[in-house]
Amino acid sequence: MTAKFNIAGIGNALVDVIAHADDRFLDDNVLTKGAMRLIEADEAEDLYGRMGPGIEMSGGSCANTMAGAAMLGSACAFFGKVRDDQLGRVFRHDIRAMGVTFESAPLHQEPPTGRSLILVTPDAQRTMNTFLGAANELTPDDIDPAIVEAAEIIYMEGYLWDRPTAKEAFLKAARIAHAAGRKVSLTLSDSFCVERHRDSFRDLIDGHVDVLFGNETEIMELYRVSTLEDAIAAVRGACAITVITRSEKGSIVLEGATTHEASAERLGQVVDTTGAGDLYAAGFLHGLTAGRSLPDCARIGSIAAAEVISHVGARPEADLKALVARRMTSAA
């Protein structure tokens with residue numbers, strides 16, 4: 001079957017609320033800088049009331065990746081759950097406006113559409129407090145086999161692994177994808193997420209994942225080692241391709257016994273690191289499905305990540321396709 005989609009993502013459909021905060025605000029509210037934690041509706045309302053002025057926009061890790069890849073020219077689809085409330089309608093409109101196919105049926109009752117309260121400190125670190133709401137209700141029934149079979153790569157965000165029905169949804173998609181000769185990709189999402197699910201993540205990677213994304217902290221946590229070198233030795237060969245991001249140190253791509261290293265890109269001052277990993281994955285997967293070399297894939301990912309950290313928010317503001325074309329041409 002000819003692929004209709006380059007990438008189909010499965011993730012939490014959320015609306016981001018982004019506000020600036022200082023370290024004292026984090027300390028006063030007992031928040032761990034740079035981490036993501038799950039909160040309930042009451043705490044979400046309380047924290048929202050104490051945050052400073054914010055920007056609201058559609059988000060969610062995998063949804064950001066699909067939006068970024070679509071901006072680069074990939075044909076993308078997304079599976080995620082919202083309610084038919086105001087935020088749900090905003091999310092649906094925004095992701096479709098980015099060119100992403102989104103056909104997941106909305107909920108018609110509680111809980112409401114999920115949201116992530118993101119606090120950006122002066123050092124550009126983002127601390128995320130996420131109320132999953134309707135995003136928690138994704139089930140295997142929401143996975144359309146026809147879309148999975150028509151996508152070159154299925155991309156799954158690790159945050160979904162917190163809920164049993166979402167696990168089942170991903171395993172269903174992975175089985176359908178591999179039966180159709182497609183590839184399966186996973187992002188580890190967060191070191192605390194890895195800590196919660198280390199053993200089942202490793203089983204998932206060994207049995208279902210072709211392309212793995214994680215930052216160096218997540219990969220070290222996955223194998224409970226204290227150095228990046230030990231983590232590389234442990235993960236090498238676990239799947240066909242492993243991508244390890246290292247912030248300003250660039251990224252490392254493992255393919256069998258081969259190691260590729262890519263430098264980070266810089267497009268100006270780092271303002272907000274929200275979405276950096278999401279957009280790196282967008283660029284890498286776009287390059288991979290376009291038949292680019294792995295070093296090129298890493299470079300495209302780095303350019304996309306550099307764009308998104310140059311402003312507040314997890315979606316690109318520049319013409320990402322044109323930006324990548326210019327930067328890749330100038331390096332040729």
# chains A, B, ... in the order shown; residues from 1 in each chain; ligands from 1
$ closest_atom_pairs --of "stretch 23-47 of chain A" --to "stretch 144-165 of chain A" --cutoff "12 Å" --atoms "only C-alpha atoms" --output "JSON lines"
{"residue": "A:Met36", "atom": "CA", "partner": "A:Tyr159", "partner_atom": "CA", "distance": 9.5}
{"residue": "A:Arg37", "atom": "CA", "partner": "A:Tyr159", "partner_atom": "CA", "distance": 10.1}
{"residue": "A:Leu38", "atom": "CA", "partner": "A:Tyr159", "partner_atom": "CA", "distance": 9.8}
$ write_last_selection --atoms "all heavy atoms" --output "mmCIF file, in the first residue's frame"
data_model
loop_
_atom_site.group_PDB
_atom_site.id
_atom_site.type_symbol
_atom_site.label_atom_id
_atom_site.label_comp_id
_atom_site.auth_asym_id
_atom_site.auth_seq_id
_atom_site.Cartn_x
_atom_site.Cartn_y
_atom_site.Cartn_z
ATOM 1 N N MET A 36 7.839 17.513 34.367
ATOM 2 C CA MET A 36 6.403 17.490 34.105
ATOM 3 C C MET A 36 5.745 16.638 35.171
ATOM 4 O O MET A 36 6.224 15.555 35.482
ATOM 5 C CB MET A 36 6.102 16.900 32.726
ATOM 6 C CG MET A 36 4.650 17.082 32.249
ATOM 7 S SD MET A 36 3.386 16.065 33.049
ATOM 8 C CE MET A 36 3.737 14.448 32.374
ATOM 9 N N ARG A 37 4.668 17.156 35.762
ATOM 10 C CA ARG A 37 3.914 16.342 36.713
ATOM 11 C C ARG A 37 2.427 16.422 36.376
ATOM 12 O O ARG A 37 1.952 17.409 35.809
ATOM 13 C CB ARG A 37 4.149 16.796 38.154
ATOM 14 C CG ARG A 37 3.571 18.158 38.471
ATOM 15 C CD ARG A 37 4.021 18.647 39.840
ATOM 16 N NE ARG A 37 3.349 19.904 40.152
ATOM 17 C CZ ARG A 37 2.388 20.029 41.068
ATOM 18 N NH1 ARG A 37 2.008 18.973 41.768
ATOM 19 N NH2 ARG A 37 1.814 21.191 41.271
ATOM 20 N N LEU A 38 1.738 15.355 36.713
ATOM 21 C CA LEU A 38 0.306 15.289 36.476
ATOM 22 C C LEU A 38 -0.438 15.833 37.679
ATOM 23 O O LEU A 38 -0.091 15.532 38.820
ATOM 24 C CB LEU A 38 -0.123 13.841 36.212
ATOM 25 C CG LEU A 38 0.518 13.165 34.988
ATOM 26 C CD1 LEU A 38 0.057 11.723 34.890
ATOM 27 C CD2 LEU A 38 0.202 13.929 33.717
#
$ select_by_dssp --residues "stretch 114-325 of chain A" --states "strand (DSSP E)" --output "ChimeraX atom specification"
/A:114-120,126-133,151-157,183-187,211-215,241-245,251-255,258-262
$ atom_distance --atom1 "atom CA of A:Val90" --atom2 "atom CA of A:Gly114"
11.9 Å
$ select_by_dssp --residues "stretch 80-286 of chain A" --states "helix (DSSP H, G or I)" --output "ChimeraX atom specification"
/A:86-97,134-137,140-142,145-149,158-162,164-179,191-196,198-208,216-223,228-235,247-249,276-286
$ closest_residue --among "A:Pro112, A:Gly49, A:Gly283, A:Gly277" --to "A:Leu188" --atoms "only C-alpha atoms"
A:Gly277
$ closest_residue --among "A:Leu138, A:Leu320, A:Leu117, A:Met98" --to "A:Asp46" --atoms "only C-alpha atoms"
A:Leu117
$ residues_around --residues "A:Cys76" --least-positions-apart "2" --cutoff "12 Å" --atoms "only C-alpha atoms" --output "ChimeraX atom specification"
/A:3-10,62-74,78-79,95-96,98-103,147-148,150-155,282,285-286,289
$ closest_residue --among "A:Ala240, A:Ala177, A:Met57, A:Val324" --to "A:Val15" --atoms "only C-alpha atoms"
A:Met57
$ atom_distance --atom1 "atom CA of A:Asp206" --atom2 "atom CA of A:Ser293"
24.0 Å
